[in-house]
Amino acid sequence: MVLHLDRDHSMNNGHAQNNGHRKDVPLLEQEQEQAVVVEGQPAIPQVDYPRLLELGRELLVALGENPDREGLDGTPRRWADWWREFIEYDPGKTETTFSSDATDQIVCVSGMRVFSLCEHHLLPMWCDVAIGYIPTDKVLGLSKFARIAHQFAHQLQIQERLGQQIADEVSRITGTNHVAVIVKGEHLCMSARGIRTPGVMTTSVMRGTFRNDRDLRKEFMQMIQP
């Protein structure tokens with residue numbers, strides 16, 4: 001089974017609707033609540049929003065700007081809001097599975113694009129993610145692949161760890177060790193600073209049969225081609 005997600009829909013993934021942030025919860029409660037855990041999913045971290053507001057203002061001052069001038073007077077709030085939306089992203093339920101006897105095929109979902117931040121420079125990186133696995137007695141709901149990818153992208157990251165975490169989570173939920181993840185990323189820490197040259201870095205995680213069977217690995221790589 002091969003599924004290529006439409007780029008526009010995979011990039012949106014509900015972000016335009018709620019940015020992955022729980023806007024139905026009053027602001028005071030959001031600031032006071034503890035990390036939320038859903039059925040074994042990783043905890044949703046919480047930011048220090050008042051401190052972010054202070055830091056946003058201090059940053060403008062450090063840059064030689066007047067944070068009270070027109071155009072910048074609301075910038076610390078917008079900056080703090082963005083950090084809260086990014087860090088407190090809620091992927092929703094990621095553990096929906098269905099019983100299946102299809103244990104002799106590769107399930108592959110590709111074309112998923114996620115946004116993250118390089119932890120070395122705090123600069124953005126865009127990553128295209130492809131996930132493949134061989135089911136045991138259950139299959140993962142289609143939208144859950146994108147939710148898992150976004151879940152681990154919404155933190156300070158390096159591309160190598162992102163692929164590992166996605167593979168770990170798919171394996172944990174589906175109960176299979178046969179998981180493959182390919183991540184192709186473009187990093188602004190390379191294209192917008194330093195050498196200032198665009199480039200795409202590709203990382204792969206191959207586990208179980210994907211690591212040991214060259215033909216199966218080749219089949220997966222062919223499946224994820226656009």
# chains A, B, ... in the order shown; residues from 1 in each chain; ligands from 1
call {"tool": "select_by_dssp", "arguments": {"residues": "segment 86-221 of chain A", "states": "alpha helix (DSSP H)", "output": "PyMOL selection string"}}
result
chain A and resi 86-87+142-153+159-174+188-191+209-212+214-221
call {"tool": "closest_residue", "arguments": {"among": "A:Phe145, A:Trp79, A:Phe210, A:Phe152", "to": "Glu54 of chain A", "atoms": "only C-alpha atoms"}}
result
A:Trp79
call {"tool": "residues_around", "arguments": {"residues": "Ile224 of chain A", "least_positions_apart": "3", "cutoff": "7 Å", "atoms": "only C-alpha atoms", "output": "ChimeraX atom specification"}}
result
/A:110,130,220-221
call {"tool": "closest_residue", "arguments": {"among": "A:Val205, A:Asp168, A:Gly71, A:Arg84", "to": "Val129 of chain A", "atoms": "only C-alpha atoms"}}
result
A:Val205
call {"tool": "residues_around", "arguments": {"residues": "segment 114-123 of chain A", "least_positions_apart": "6", "cutoff": "9 Å", "atoms": "only C-alpha atoms", "output": "list in words"}}
result
Ser10, Met11, Phe86, Val129, Ala146, Ala149, His150, Phe152, Ala153, His154, Gln155, Leu156, Gln157, Ile158, Gln159, His187, Leu188, Cys189 and Ala192 of chain A
call {"tool": "write_last_selection", "arguments": {"atoms": "C-alpha atoms", "output": "short mmCIF file (atom, residue, chain, number, x, y, z; two decimals), in the first residue's frame"}}
result
data_model
loop_
_atom_site.label_atom_id
_atom_site.label_comp_id
_atom_site.auth_asym_id
_atom_site.auth_seq_id
_atom_site.Cartn_x
_atom_site.Cartn_y
_atom_site.Cartn_z
CA SER A 10 0.06 17.72 4.71
CA MET A 11 1.62 21.13 5.32
CA PHE A 86 5.19 25.93 18.37
CA VAL A 129 9.12 12.75 5.76
CA ALA A 146 1.47 13.10 9.88
CA ALA A 149 5.79 13.59 12.40
CA HIS A 150 4.49 17.00 13.52
CA PHE A 152 8.31 15.49 17.18
CA ALA A 153 9.01 18.36 14.80
CA HIS A 154 7.45 20.86 17.24
CA GLN A 155 10.50 21.08 19.47
CA LEU A 156 14.11 22.17 19.19
CA GLN A 157 15.50 19.44 16.97
CA ILE A 158 18.21 17.96 14.85
CA GLN A 159 17.15 16.05 11.76
CA HIS A 187 18.09 24.04 6.89
CA LEU A 188 18.22 27.82 7.11
CA CYS A 189 21.26 27.49 9.38
CA ALA A 192 20.74 31.79 5.47
#
call {"tool": "residues_around", "arguments": {"residues": "Thr94 of chain A", "least_positions_apart": "5", "cutoff": "10 Å", "atoms": "only C-alpha atoms", "output": "PyMOL selection string"}}
result
chain A and resi 38-39+41+140-148+151+169-170+173
call {"tool": "write_last_selection", "arguments": {"atoms": "C-alpha atoms", "output": "short mmCIF file (atom, residue, chain, number, x, y, z; two decimals), in the first residue's frame"}}
result
data_model
loop_
_atom_site.label_atom_id
_atom_site.label_comp_id
_atom_site.auth_asym_id
_atom_site.auth_seq_id
_atom_site.Cartn_x
_atom_site.Cartn_y
_atom_site.Cartn_z
CA VAL A 38 -2.58 10.94 26.60
CA GLU A 39 -2.38 7.15 26.67
CA GLN A 41 2.00 9.73 24.29
CA LEU A 140 -2.02 2.67 12.07
CA GLY A 141 -4.69 5.19 11.06
CA LEU A 142 -3.58 7.22 8.02
CA SER A 143 -3.64 10.70 9.55
CA LYS A 144 -1.60 9.46 12.53
CA PHE A 145 1.59 9.34 10.47
CA ALA A 146 1.47 13.10 9.88
CA ARG A 147 0.43 13.75 13.49
CA ILE A 148 3.43 11.78 14.75
CA GLN A 151 4.53 15.91 17.16
CA GLU A 169 6.77 6.10 18.03
CA VAL A 170 5.47 4.19 15.00
CA ILE A 173 2.11 2.12 18.61
#
call {"tool": "select_by_dssp", "arguments": {"residues": "segment 33-180 of chain A", "states": "strand (DSSP E or B)", "output": "ChimeraX atom specification"}}
result
/A:36,44,97-99,107-118,124-133,138-140,156-157,179-180
call {"tool": "residues_around", "arguments": {"residues": "Val47 of chain A", "least_positions_apart": "6", "cutoff": "9 Å", "atoms": "only C-alpha atoms", "output": "list of chain:residue names"}}
result
A:Glu31, A:Trp83, A:Arg84, A:Ile87, A:Glu88
call {"tool": "residues_around", "arguments": {"residues": "Asp137 of chain A", "least_positions_apart": "2", "cutoff": "12 Å", "atoms": "only C-alpha atoms", "output": "ChimeraX atom specification"}}
result
/A:97-104,134-135,139-140,173-176
call {"tool": "closest_residue", "arguments": {"among": "A:Arg196, A:Arg57, A:Arg207, A:Arg51", "to": "His178 of chain A", "atoms": "only C-alpha atoms"}}
result
A:Arg207
call {"tool": "closest_residue", "arguments": {"among": "A:Val181, A:Ile44, A:Ile106, A:Leu52", "to": "Thr203 of chain A", "atoms": "only C-alpha atoms"}}
result
A:Val181
call {"tool": "closest_residue", "arguments": {"among": "A:Met206, A:Leu216, A:Met125, A:Met223", "to": "Lys184 of chain A", "atoms": "only C-alpha atoms"}}
result
A:Met125
call {"tool": "closest_residue", "arguments": {"among": "A:Pro76, A:Gly185, A:Gly163, A:Pro198", "to": "Val61 of chain A", "atoms": "only C-alpha atoms"}}
result
A:Pro76
call {"tool": "atom_distance", "arguments": {"atom1": "atom CA of Thr209 of chain A", "atom2": "atom CA of Glu160 of chain A"}}
result
20.5 Å
call {"tool": "decode", "arguments": {"residues": "segment 139-171 of chain A", "atoms": "N, CA, C and O atoms", "output": "PDB file, in the first residue's frame"}}
result
ATOM      1  N   VAL A 139      -2.924  -2.047  11.990  1.00  0.00           N
ATOM      2  CA  VAL A 139      -2.382  -0.985  11.144  1.00  0.00           C
ATOM      3  C   VAL A 139      -2.711   0.368  11.773  1.00  0.00           C
ATOM      4  O   VAL A 139      -3.712   0.521  12.472  1.00  0.00           O
ATOM      5  N   LEU A 140      -1.865   1.332  11.508  1.00  0.00           N
ATOM      6  CA  LEU A 140      -2.018   2.671  12.069  1.00  0.00           C
ATOM      7  C   LEU A 140      -2.918   3.513  11.189  1.00  0.00           C
ATOM      8  O   LEU A 140      -2.819   3.470   9.953  1.00  0.00           O
ATOM      9  N   GLY A 141      -3.819   4.299  11.812  1.00  0.00           N
ATOM     10  CA  GLY A 141      -4.687   5.193  11.059  1.00  0.00           C
ATOM     11  C   GLY A 141      -3.871   6.155  10.195  1.00  0.00           C
ATOM     12  O   GLY A 141      -2.813   6.633  10.616  1.00  0.00           O
ATOM     13  N   LEU A 142      -4.349   6.454   8.996  1.00  0.00           N
ATOM     14  CA  LEU A 142      -3.579   7.217   8.017  1.00  0.00           C
ATOM     15  C   LEU A 142      -3.114   8.570   8.541  1.00  0.00           C
ATOM     16  O   LEU A 142      -1.935   8.927   8.427  1.00  0.00           O
ATOM     17  N   SER A 143      -4.018   9.345   9.122  1.00  0.00           N
ATOM     18  CA  SER A 143      -3.640  10.695   9.555  1.00  0.00           C
ATOM     19  C   SER A 143      -2.628  10.675  10.697  1.00  0.00           C
ATOM     20  O   SER A 143      -1.979  11.686  10.964  1.00  0.00           O
ATOM     21  N   LYS A 144      -2.488   9.537  11.359  1.00  0.00           N
ATOM     22  CA  LYS A 144      -1.605   9.460  12.525  1.00  0.00           C
ATOM     23  C   LYS A 144      -0.138   9.580  12.137  1.00  0.00           C
ATOM     24  O   LYS A 144       0.682  10.024  12.945  1.00  0.00           O
ATOM     25  N   PHE A 145       0.203   9.197  10.911  1.00  0.00           N
ATOM     26  CA  PHE A 145       1.587   9.343  10.468  1.00  0.00           C
ATOM     27  C   PHE A 145       1.998  10.817  10.478  1.00  0.00           C
ATOM     28  O   PHE A 145       3.069  11.174  10.982  1.00  0.00           O
ATOM     29  N   ALA A 146       1.163  11.670   9.909  1.00  0.00           N
ATOM     30  CA  ALA A 146       1.466  13.097   9.881  1.00  0.00           C
ATOM     31  C   ALA A 146       1.444  13.687  11.284  1.00  0.00           C
ATOM     32  O   ALA A 146       2.270  14.547  11.625  1.00  0.00           O
ATOM     33  N   ARG A 147       0.499  13.245  12.112  1.00  0.00           N
ATOM     34  CA  ARG A 147       0.434  13.753  13.485  1.00  0.00           C
ATOM     35  C   ARG A 147       1.711  13.405  14.256  1.00  0.00           C
ATOM     36  O   ARG A 147       2.233  14.224  15.018  1.00  0.00           O
ATOM     37  N   ILE A 148       2.195  12.191  14.071  1.00  0.00           N
ATOM     38  CA  ILE A 148       3.429  11.776  14.749  1.00  0.00           C
ATOM     39  C   ILE A 148       4.612  12.599  14.259  1.00  0.00           C
ATOM     40  O   ILE A 148       5.453  13.049  15.050  1.00  0.00           O
ATOM     41  N   ALA A 149       4.691  12.803  12.945  1.00  0.00           N
ATOM     42  CA  ALA A 149       5.791  13.595  12.396  1.00  0.00           C
ATOM     43  C   ALA A 149       5.780  15.015  12.945  1.00  0.00           C
ATOM     44  O   ALA A 149       6.817  15.552  13.356  1.00  0.00           O
ATOM     45  N   HIS A 150       4.599  15.645  12.974  1.00  0.00           N
ATOM     46  CA  HIS A 150       4.493  17.005  13.520  1.00  0.00           C
ATOM     47  C   HIS A 150       4.773  17.024  15.022  1.00  0.00           C
ATOM     48  O   HIS A 150       5.365  17.978  15.542  1.00  0.00           O
ATOM     49  N   GLN A 151       4.343  15.987  15.709  1.00  0.00           N
ATOM     50  CA  GLN A 151       4.531  15.913  17.158  1.00  0.00           C
ATOM     51  C   GLN A 151       5.994  16.092  17.542  1.00  0.00           C
ATOM     52  O   GLN A 151       6.321  16.843  18.469  1.00  0.00           O
ATOM     53  N   PHE A 152       6.886  15.425  16.824  1.00  0.00           N
ATOM     54  CA  PHE A 152       8.307  15.489  17.182  1.00  0.00           C
ATOM     55  C   PHE A 152       9.038  16.624  16.473  1.00  0.00           C
ATOM     56  O   PHE A 152      10.153  16.976  16.873  1.00  0.00           O
ATOM     57  N   ALA A 153       8.410  17.205  15.457  1.00  0.00           N
ATOM     58  CA  ALA A 153       9.014  18.364  14.802  1.00  0.00           C
ATOM     59  C   ALA A 153       8.811  19.627  15.626  1.00  0.00           C
ATOM     60  O   ALA A 153       9.607  20.573  15.531  1.00  0.00           O
ATOM     61  N   HIS A 154       7.768  19.662  16.457  1.00  0.00           N
ATOM     62  CA  HIS A 154       7.452  20.858  17.235  1.00  0.00           C
ATOM     63  C   HIS A 154       8.269  20.904  18.525  1.00  0.00           C
ATOM     64  O   HIS A 154       7.734  20.923  19.636  1.00  0.00           O
ATOM     65  N   GLN A 155       9.563  20.928  18.363  1.00  0.00           N
ATOM     66  CA  GLN A 155      10.497  21.076  19.467  1.00  0.00           C
ATOM     67  C   GLN A 155      11.841  21.456  18.869  1.00  0.00           C
ATOM     68  O   GLN A 155      12.035  21.369  17.653  1.00  0.00           O
ATOM     69  N   LEU A 156      12.765  21.906  19.690  1.00  0.00           N
ATOM     70  CA  LEU A 156      14.109  22.168  19.193  1.00  0.00           C
ATOM     71  C   LEU A 156      14.708  20.832  18.785  1.00  0.00           C
ATOM     72  O   LEU A 156      14.754  19.892  19.577  1.00  0.00           O
ATOM     73  N   GLN A 157      15.200  20.750  17.539  1.00  0.00           N
ATOM     74  CA  GLN A 157      15.500  19.444  16.969  1.00  0.00           C
ATOM     75  C   GLN A 157      16.808  19.429  16.192  1.00  0.00           C
ATOM     76  O   GLN A 157      17.383  20.471  15.867  1.00  0.00           O
ATOM     77  N   ILE A 158      17.266  18.217  15.918  1.00  0.00           N
ATOM     78  CA  ILE A 158      18.213  17.955  14.845  1.00  0.00           C
ATOM     79  C   ILE A 158      17.550  16.898  13.969  1.00  0.00           C
ATOM     80  O   ILE A 158      16.754  16.087  14.452  1.00  0.00           O
ATOM     81  N   GLN A 159      17.853  16.925  12.696  1.00  0.00           N
ATOM     82  CA  GLN A 159      17.148  16.052  11.760  1.00  0.00           C
ATOM     83  C   GLN A 159      17.354  14.582  12.082  1.00  0.00           C
ATOM     84  O   GLN A 159      16.427  13.772  11.968  1.00  0.00           O
ATOM     85  N   GLU A 160      18.560  14.224  12.489  1.00  0.00           N
ATOM     86  CA  GLU A 160      18.844  12.823  12.784  1.00  0.00           C
ATOM     87  C   GLU A 160      17.953  12.287  13.909  1.00  0.00           C
ATOM     88  O   GLU A 160      17.436  11.168  13.832  1.00  0.00           O
ATOM     89  N   ARG A 161      17.769  13.090  14.951  1.00  0.00           N
ATOM     90  CA  ARG A 161      16.934  12.647  16.070  1.00  0.00           C
ATOM     91  C   ARG A 161      15.462  12.616  15.677  1.00  0.00           C
ATOM     92  O   ARG A 161      14.701  11.747  16.150  1.00  0.00           O
ATOM     93  N   LEU A 162      15.036  13.545  14.828  1.00  0.00           N
ATOM     94  CA  LEU A 162      13.644  13.571  14.389  1.00  0.00           C
ATOM     95  C   LEU A 162      13.256  12.241  13.749  1.00  0.00           C
ATOM     96  O   LEU A 162      12.215  11.660  14.069  1.00  0.00           O
ATOM     97  N   GLY A 163      14.090  11.747  12.844  1.00  0.00           N
ATOM     98  CA  GLY A 163      13.789  10.467  12.207  1.00  0.00           C
ATOM     99  C   GLY A 163      13.748   9.317  13.196  1.00  0.00           C
ATOM    100  O   GLY A 163      12.886   8.432  13.105  1.00  0.00           O
ATOM    101  N   GLN A 164      14.676   9.318  14.151  1.00  0.00           N
ATOM    102  CA  GLN A 164      14.700   8.265  15.172  1.00  0.00           C
ATOM    103  C   GLN A 164      13.440   8.289  16.029  1.00  0.00           C
ATOM    104  O   GLN A 164      12.846   7.237  16.330  1.00  0.00           O
ATOM    105  N   GLN A 165      13.004   9.478  16.433  1.00  0.00           N
ATOM    106  CA  GLN A 165      11.827   9.582  17.293  1.00  0.00           C
ATOM    107  C   GLN A 165      10.559   9.157  16.561  1.00  0.00           C
ATOM    108  O   GLN A 165       9.682   8.513  17.150  1.00  0.00           O
ATOM    109  N   ILE A 166      10.453   9.513  15.288  1.00  0.00           N
ATOM    110  CA  ILE A 166       9.294   9.085  14.500  1.00  0.00           C
ATOM    111  C   ILE A 166       9.262   7.561  14.405  1.00  0.00           C
ATOM    112  O   ILE A 166       8.215   6.929  14.606  1.00  0.00           O
ATOM    113  N   ALA A 167      10.414   6.970  14.118  1.00  0.00           N
ATOM    114  CA  ALA A 167      10.480   5.504  14.020  1.00  0.00           C
ATOM    115  C   ALA A 167      10.133   4.849  15.354  1.00  0.00           C
ATOM    116  O   ALA A 167       9.406   3.839  15.396  1.00  0.00           O
ATOM    117  N   ASP A 168      10.647   5.388  16.452  1.00  0.00           N
ATOM    118  CA  ASP A 168      10.354   4.836  17.777  1.00  0.00           C
ATOM    119  C   ASP A 168       8.851   4.834  18.053  1.00  0.00           C
ATOM    120  O   ASP A 168       8.299   3.852  18.563  1.00  0.00           O
ATOM    121  N   GLU A 169       8.197   5.966  17.710  1.00  0.00           N
ATOM    122  CA  GLU A 169       6.771   6.095  18.026  1.00  0.00           C
ATOM    123  C   GLU A 169       5.915   5.179  17.148  1.00  0.00           C
ATOM    124  O   GLU A 169       4.962   4.555  17.639  1.00  0.00           O
ATOM    125  N   VAL A 170       6.221   5.093  15.873  1.00  0.00           N
ATOM    126  CA  VAL A 170       5.472   4.192  14.998  1.00  0.00           C
ATOM    127  C   VAL A 170       5.635   2.749  15.471  1.00  0.00           C
ATOM    128  O   VAL A 170       4.665   1.977  15.518  1.00  0.00           O
ATOM    129  N   SER A 171       6.832   2.376  15.851  1.00  0.00           N
ATOM    130  CA  SER A 171       7.081   1.032  16.349  1.00  0.00           C
ATOM    131  C   SER A 171       6.332   0.777  17.656  1.00  0.00           C
ATOM    132  O   SER A 171       5.744  -0.296  17.847  1.00  0.00           O
TER     133      SER A 171
END
